[in-house]
>>> print(open('final11.txt').read())   # compact mmCIF, C-alpha atoms
# COMPACT_ATOMS: atom_id res chain seq x y z
CA MET A 23 8.22 23.92 2.24
CA ASN A 24 5.20 22.57 0.42
CA PRO A 25 3.81 19.15 1.45
CA LEU A 26 5.83 17.23 -1.16
CA ALA A 27 9.08 18.92 -0.13
CA THR A 28 8.29 18.23 3.53
CA VAL A 29 7.78 14.52 2.90
CA ASN A 30 10.88 14.26 0.74
CA ALA A 31 12.97 16.05 3.38
CA PHE A 32 11.59 13.58 5.92
CA MET A 33 12.64 10.65 3.69
CA GLN A 34 16.13 12.11 3.29
CA HIS A 35 16.56 12.46 7.06
CA ILE A 36 15.49 8.82 7.44
CA GLU A 37 18.09 7.80 4.85
CA SER A 38 20.73 9.74 6.80
CA LYS A 39 19.49 8.08 10.01
CA ASP A 40 19.14 11.63 11.33
CA ILE A 41 16.19 10.90 13.57
CA ASP A 42 16.21 14.31 15.27
CA SER A 43 15.75 16.10 11.96
CA ALA A 44 13.18 13.56 10.79
CA VAL A 45 10.94 13.81 13.85
CA ALA A 46 11.20 17.62 13.76
CA LEU A 47 8.99 17.34 10.64
CA LEU A 48 6.30 15.40 12.51
CA ALA A 49 3.41 17.06 14.35
CA ASP A 50 3.30 16.51 18.12
CA ASN A 51 0.19 14.37 17.75
CA VAL A 52 1.28 12.56 14.56
CA SER A 53 -0.37 9.23 13.82
CA TYR A 54 1.99 6.66 12.24
CA GLU A 55 -0.05 3.81 10.84
CA ASN A 56 1.74 0.74 9.62
CA MET A 57 -1.33 -0.98 8.29
CA PRO A 58 -0.53 -4.53 9.46
CA ILE A 59 -0.18 -3.32 13.08
CA ASP A 60 -1.75 -0.83 15.51
CA PRO A 61 -1.24 2.91 14.92
CA ILE A 62 1.53 4.67 16.83
CA SER A 63 0.49 8.03 18.28
CA GLY A 64 2.67 11.02 19.02
CA ARG A 65 6.10 12.20 17.98
CA ASP A 66 7.93 10.59 20.93
CA ALA A 67 6.44 7.16 20.28
CA VAL A 68 7.29 7.41 16.58
CA ARG A 69 10.87 8.38 17.47
CA GLN A 70 11.24 5.19 19.52
CA VAL A 71 9.87 3.06 16.70
CA LEU A 72 12.16 4.70 14.15
CA GLU A 73 15.18 4.20 16.38
CA GLY A 74 14.45 0.49 16.73
CA PHE A 75 13.67 0.17 13.04
CA LEU A 76 16.75 1.99 11.73
CA GLN A 77 19.25 0.84 14.33
CA PRO A 78 20.17 -2.53 12.73
CA ALA A 79 20.69 -0.94 9.29
CA VAL A 80 24.20 0.08 8.18
CA HIS A 81 22.68 2.03 5.29
CA VAL A 82 19.13 3.09 4.59
CA GLU A 83 17.81 3.95 1.16
CA TRP A 84 14.14 4.72 0.55
CA ARG A 85 13.75 4.91 -3.21
CA VAL A 86 10.73 6.96 -4.21
CA LEU A 87 9.51 5.32 -7.43
CA ARG A 88 6.46 7.52 -7.98
CA GLU A 89 4.99 10.37 -5.97
CA TRP A 90 1.94 12.62 -6.01
CA GLU A 91 0.88 15.75 -4.14
CA VAL A 92 -2.83 16.55 -3.99
CA GLY A 93 -3.69 19.39 -1.64
CA GLY A 94 -2.19 18.53 1.74
CA THR A 95 -1.83 14.85 0.85
CA VAL A 96 1.39 13.29 -0.42
CA ILE A 97 1.36 9.74 -1.79
CA ASN A 98 4.39 7.74 -2.78
CA GLU A 99 5.29 4.27 -3.98
CA ARG A 100 8.67 3.32 -2.60
CA LEU A 101 11.23 0.58 -2.38
CA ASP A 102 12.54 0.87 1.18
CA ARG A 103 16.00 -0.68 1.40
CA PHE A 104 18.04 -1.46 4.53
CA GLN A 105 21.57 -2.78 4.46
CA ILE A 106 21.91 -5.26 7.31
CA GLY A 107 25.32 -6.85 7.55
CA ASP A 108 26.37 -7.63 3.98
CA GLY A 109 22.87 -7.93 2.53
CA TRP A 110 20.00 -5.64 1.66
CA LEU A 111 16.43 -5.97 2.85
CA GLU A 112 14.04 -4.57 0.20
CA LEU A 113 10.43 -3.74 0.90
CA PRO A 114 7.81 -2.31 -1.51
CA VAL A 115 5.75 0.30 0.36
CA ALA A 116 2.82 2.59 -0.46
CA GLY A 117 2.92 5.70 1.73
CA PHE A 118 0.18 8.27 2.40
CA PHE A 119 1.05 11.46 4.26
CA GLN A 120 -1.12 14.30 5.50
CA VAL A 121 0.82 17.55 5.90
CA GLU A 122 -0.46 20.62 7.77
CA ASP A 123 1.53 23.81 8.39
CA GLY A 124 4.74 22.09 7.28
CA LEU A 125 4.36 19.13 9.65
CA ILE A 126 3.33 15.55 8.95
CA THR A 127 0.15 14.75 10.91
CA ILE A 128 -0.62 11.31 9.42
CA TRP A 129 1.83 8.78 7.98
CA ARG A 130 0.17 5.62 6.70
CA ASP A 131 2.29 2.83 5.12
CA TYR A 132 0.96 -0.27 3.35
CA PHE A 133 3.37 -3.19 2.97
CA ASP A 134 3.73 -6.93 3.43
CA MET A 135 4.97 -7.61 6.95
CA GLY A 136 5.95 -11.19 6.04
CA SER A 137 8.33 -9.94 3.34
CA TYR A 138 9.98 -7.69 5.92
CA MET A 139 10.21 -10.29 8.69
CA SER A 140 11.51 -13.13 6.52
CA GLN A 141 14.27 -10.98 5.04
CA LEU A 142 15.20 -9.53 8.44
CA SER A 143 15.38 -13.02 9.86
CA SER A 144 17.66 -14.35 7.12
CA LEU A 145 19.92 -11.27 7.22
CA THR A 146 20.39 -11.42 11.01
CA SER A 147 20.74 -15.19 11.41
CA MET B 4 -15.77 7.26 -18.55
CA ASN B 5 -12.86 9.11 -16.97
CA PRO B 6 -10.16 7.10 -15.16
CA LEU B 7 -11.79 7.46 -11.73
CA ALA B 8 -15.17 6.31 -13.05
CA THR B 9 -13.50 3.38 -14.82
CA VAL B 10 -11.81 2.21 -11.61
CA ASN B 11 -14.96 2.64 -9.56
CA ALA B 12 -17.01 0.71 -12.13
CA PHE B 13 -14.38 -2.03 -11.95
CA MET B 14 -14.69 -2.13 -8.14
CA GLN B 15 -18.48 -2.34 -8.39
CA HIS B 16 -18.29 -5.28 -10.80
CA ILE B 17 -15.92 -7.02 -8.37
CA GLU B 18 -18.41 -6.45 -5.55
CA SER B 19 -21.17 -7.96 -7.73
CA LYS B 20 -18.82 -10.87 -8.53
CA ASP B 21 -19.54 -9.99 -12.18
CA ILE B 22 -16.16 -11.03 -13.49
CA ASP B 23 -17.10 -10.68 -17.18
CA SER B 24 -17.95 -7.01 -16.71
CA ALA B 25 -14.90 -6.43 -14.51
CA VAL B 26 -12.37 -7.91 -16.95
CA ALA B 27 -14.00 -6.00 -19.82
CA LEU B 28 -12.48 -2.90 -18.18
CA LEU B 29 -8.96 -4.37 -18.29
CA ALA B 30 -6.58 -3.93 -21.21
CA ASP B 31 -5.57 -7.12 -23.02
CA ASN B 32 -2.03 -6.76 -21.72
CA VAL B 33 -2.97 -5.57 -18.22
CA SER B 34 -0.40 -6.07 -15.47
CA TYR B 35 -1.92 -6.98 -12.09
CA GLU B 36 0.72 -6.57 -9.41
CA ASN B 37 -0.03 -7.79 -5.93
CA MET B 38 3.15 -6.51 -4.38
CA PRO B 39 3.93 -9.50 -2.14
CA ILE B 40 3.86 -11.87 -5.17
CA ASP B 41 4.83 -11.95 -8.84
CA PRO B 42 2.89 -9.79 -11.32
CA ILE B 43 0.10 -11.42 -13.31
CA SER B 44 0.11 -10.49 -16.99
CA GLY B 45 -2.83 -10.36 -19.37
CA ARG B 46 -6.59 -10.21 -19.03
CA ASP B 47 -7.12 -13.98 -19.15
CA ALA B 48 -4.64 -14.67 -16.36
CA VAL B 49 -6.20 -11.94 -14.23
CA ARG B 50 -9.65 -13.45 -14.82
CA GLN B 51 -8.44 -16.79 -13.46
CA VAL B 52 -6.95 -15.15 -10.38
CA LEU B 53 -10.12 -13.14 -9.73
CA GLU B 54 -12.27 -16.25 -10.08
CA GLY B 55 -10.16 -18.11 -7.52
CA PHE B 56 -10.06 -15.10 -5.24
CA LEU B 57 -13.78 -14.27 -5.31
CA GLN B 58 -15.18 -17.81 -5.47
CA PRO B 59 -15.08 -18.58 -1.70
CA ALA B 60 -16.79 -15.28 -0.82
CA VAL B 61 -20.56 -15.16 -0.30
CA HIS B 62 -20.44 -11.37 -0.41
CA VAL B 63 -17.71 -8.99 -1.50
CA GLU B 64 -17.47 -5.37 -0.41
CA TRP B 65 -14.50 -3.18 -1.34
CA ARG B 66 -14.93 0.01 0.64
CA VAL B 67 -13.12 2.93 -0.94
CA LEU B 68 -12.01 5.06 2.02
CA ARG B 69 -10.12 7.71 0.03
CA GLU B 70 -9.44 8.09 -3.68
CA TRP B 71 -7.49 10.36 -5.99
CA GLU B 72 -7.30 10.85 -9.74
CA VAL B 73 -4.18 12.48 -11.17
CA GLY B 74 -4.01 12.38 -14.95
CA GLY B 75 -4.40 8.73 -15.99
CA THR B 76 -3.56 7.47 -12.50
CA VAL B 77 -6.16 6.52 -9.92
CA ILE B 78 -5.11 5.81 -6.34
CA ASN B 79 -7.34 4.49 -3.60
CA GLU B 80 -7.12 3.36 -0.01
CA ARG B 81 -9.60 0.57 0.57
CA LEU B 82 -10.91 -1.90 3.06
CA ASP B 83 -11.52 -5.04 0.99
CA ARG B 84 -14.09 -7.25 2.76
CA PHE B 85 -15.07 -10.83 1.90
CA GLN B 86 -17.84 -12.72 3.64
CA ILE B 87 -16.71 -16.32 3.96
CA GLY B 88 -19.19 -18.55 5.73
CA ASP B 89 -20.56 -16.51 8.62
CA GLY B 90 -17.52 -14.27 9.04
CA TRP B 91 -15.88 -11.38 7.24
CA LEU B 92 -12.28 -11.19 6.12
CA GLU B 93 -11.12 -7.53 6.14
CA LEU B 94 -7.99 -6.36 4.37
CA PRO B 95 -6.57 -2.80 4.17
CA VAL B 96 -5.28 -2.21 0.63
CA ALA B 97 -3.60 0.65 -1.23
CA GLY B 98 -4.39 0.45 -4.95
CA PHE B 99 -2.70 2.20 -7.87
CA PHE B 100 -4.30 2.05 -11.32
CA GLN B 101 -3.13 3.29 -14.68
CA VAL B 102 -6.00 3.89 -17.11
CA GLU B 103 -5.59 4.42 -20.85
CA ASP B 104 -8.45 4.82 -23.33
CA GLY B 105 -10.97 3.68 -20.73
CA LEU B 106 -9.10 0.46 -19.87
CA ILE B 107 -6.99 -0.41 -16.85
CA THR B 108 -3.42 -1.20 -17.98
CA ILE B 109 -1.75 -1.47 -14.56
CA TRP B 110 -3.33 -2.49 -11.27
CA ARG B 111 -0.93 -2.50 -8.34
CA ASP B 112 -2.14 -3.41 -4.82
CA TYR B 113 -0.12 -3.11 -1.59
CA PHE B 114 -1.35 -5.16 1.38
CA ASP B 115 -0.23 -7.53 4.10
CA MET B 116 -0.45 -11.09 2.82
CA GLY B 117 -0.22 -12.52 6.34
CA SER B 118 -3.36 -10.63 7.39
CA TYR B 119 -5.19 -12.13 4.42
CA MET B 120 -3.94 -15.69 4.88
CA SER B 121 -4.50 -15.90 8.65
CA GLN B 122 -8.09 -14.64 8.35
CA LEU B 123 -8.80 -16.93 5.39
CA SER B 124 -7.45 -19.87 7.33
CA SER B 125 -9.56 -19.21 10.42
CA LEU B 126 -12.72 -18.56 8.36
CA THR B 127 -12.37 -21.76 6.35
CA SER B 128 -11.24 -24.10 9.13
>>> encode(input="final11.txt", output="structure tokens")
Amino acid sequence: MNPLATVNAFMQHIESKDIDSAVALLADNVSYENMPIDPISGRDAVRQVLEGFLQPAVHVEWRVLREWEVGGTVINERLDRFQIGDGWLELPVAGFFQVEDGLITIWRDYFDMGSYMSQLSSLTS
Amino acid sequence: MNPLATVNAFMQHIESKDIDSAVALLADNVSYENMPIDPISGRDAVRQVLEGFLQPAVHVEWRVLREWEVGGTVINERLDRFQIGDGWLELPVAGFFQVEDGLITIWRDYFDMGSYMSQLSSLTS
């Protein structure tokens, strides 16, 4: 798979909540950098974060609005959607991925944490 | 100027707080989309926002960490820095620019509003 196909396969596994298949596309020493918070290092740590993150969602849909592949870098603008109870949480995200030998080594997401937290709070209250 | 040079010239005018030169690189009907808030439409409205945004800063430095040009699209990852009083506000930003005929028609920034507001509050209190 080329870098773009790797990232899109990763997204699809996330949408299926198939965490095993998703993390199989991450390098052992992957760095997952949600810009508002500290980076998360290593595949096992990312797995734990993904489990916590996806667990409350009945359905997950990460709409890729635009995407680019430049060398080993994949960039996408997304609307990440999570159905929680009867409502949907929607979060605009800019993602930057570095892919080497078919594995994601860096995953950097820019988003507004307040938008995420306020929606999560109202959907779970 | 190609799209990348246009965007970088725009950034440099912002750093110089030369708003006249910066907005001269925006299309009349530019859309400035800070993802956590509503889009701002038109060069005059963007000028007002930039004036409000840059006014409290003694110095402005927008460090471009990585940048890409693909067709008429320019993408950059930045650390936007504002000196306010004796301290610096630092904000990680992902920027997406559409450039047509040497003018920026879309400027979309992804960032964490809470990081901006909490630093602004502590630097101005």
>>> interface_residues(input="final11.txt", of="chain B", to="chain A", cutoff="7 Å", atoms="only C-alpha atoms", output="number ranges by chain")
B: 38-39, 95, 97, 113-117
>>> atom_distance(input="final11.txt", atom1="CA of Asn11 (chain B)", atom2="CA of Val67 (chain B)")
8.8 Å
>>> closest_residue(input="final11.txt", among="B:Trp110, B:Leu126, B:Val49, B:Val102", to="Gln86 (chain B)", atoms="only C-alpha atoms")
B:Leu126
>>> closest_residue(input="final11.txt", among="B:Glu70, B:Asp89, B:Asp104, B:Asp23", to="Asp47 (chain B)", atoms="all atoms listed in the file")
B:Asp23
>>> residues_around(input="final11.txt", residues="Gln51 (chain B)", least_positions_apart="6", cutoff="12 Å", atoms="all atoms listed in the file", output="list in words")
Ile22, Asp23, Val26, Tyr35, Ile43, Ser44, Gly45, Leu57 and Gln58 of chain B
>>> closest_residue(input="final11.txt", among="A:Ala31, A:Leu72, A:Leu142, A:Val96", to="Ser43 (chain A)", atoms="only C-alpha atoms")
A:Ala31
>>> atom_distance(input="final11.txt", atom1="CA of Met139 (chain A)", atom2="CA of Val71 (chain A)")
15.6 Å
>>> closest_residue(input="final11.txt", among="B:Ala48, B:Ser125, B:Lys20, B:Arg111", to="Asn79 (chain B)", atoms="only C-alpha atoms")
B:Arg111
>>> atom_distance(input="final11.txt", atom1="CA of His81 (chain A)", atom2="CA of Ser140 (chain A)")
18.9 Å
>>> closest_residue(input="final11.txt", among="B:Thr127, B:Thr108, B:Asn32, B:Asn37", to="Val10 (chain B)", atoms="all atoms listed in the file")
B:Thr108
>>> axis_aligned_box(input="final11.txt", around="region 22-40 of chain B", padding_each_side="6 Å", output="lines of an AutoDock Vina configuration file")
center_x = -7.0
center_y = -7.4
center_z = -12.6
size_x = 33.9
size_y = 21.0
size_z = 32.9
>>> closest_residue(input="final11.txt", among="B:Asp31, B:Asp83, B:Glu93, B:Glu64", to="Arg50 (chain B)", atoms="all atoms listed in the file")
B:Asp31
>>> residues_around(input="final11.txt", residues="Leu28 (chain B)", least_positions_apart="6", cutoff="7 Å", atoms="only C-alpha atoms", output="compact mmCIF listing (two decimals) with C-alpha atoms, keeping the file's coordinate frame")
# COMPACT_ATOMS: atom_id res chain seq x y z
CA PHE B 13 -14.38 -2.03 -11.95
CA LEU B 106 -9.10 0.46 -19.87
CA ILE B 107 -6.99 -0.41 -16.85
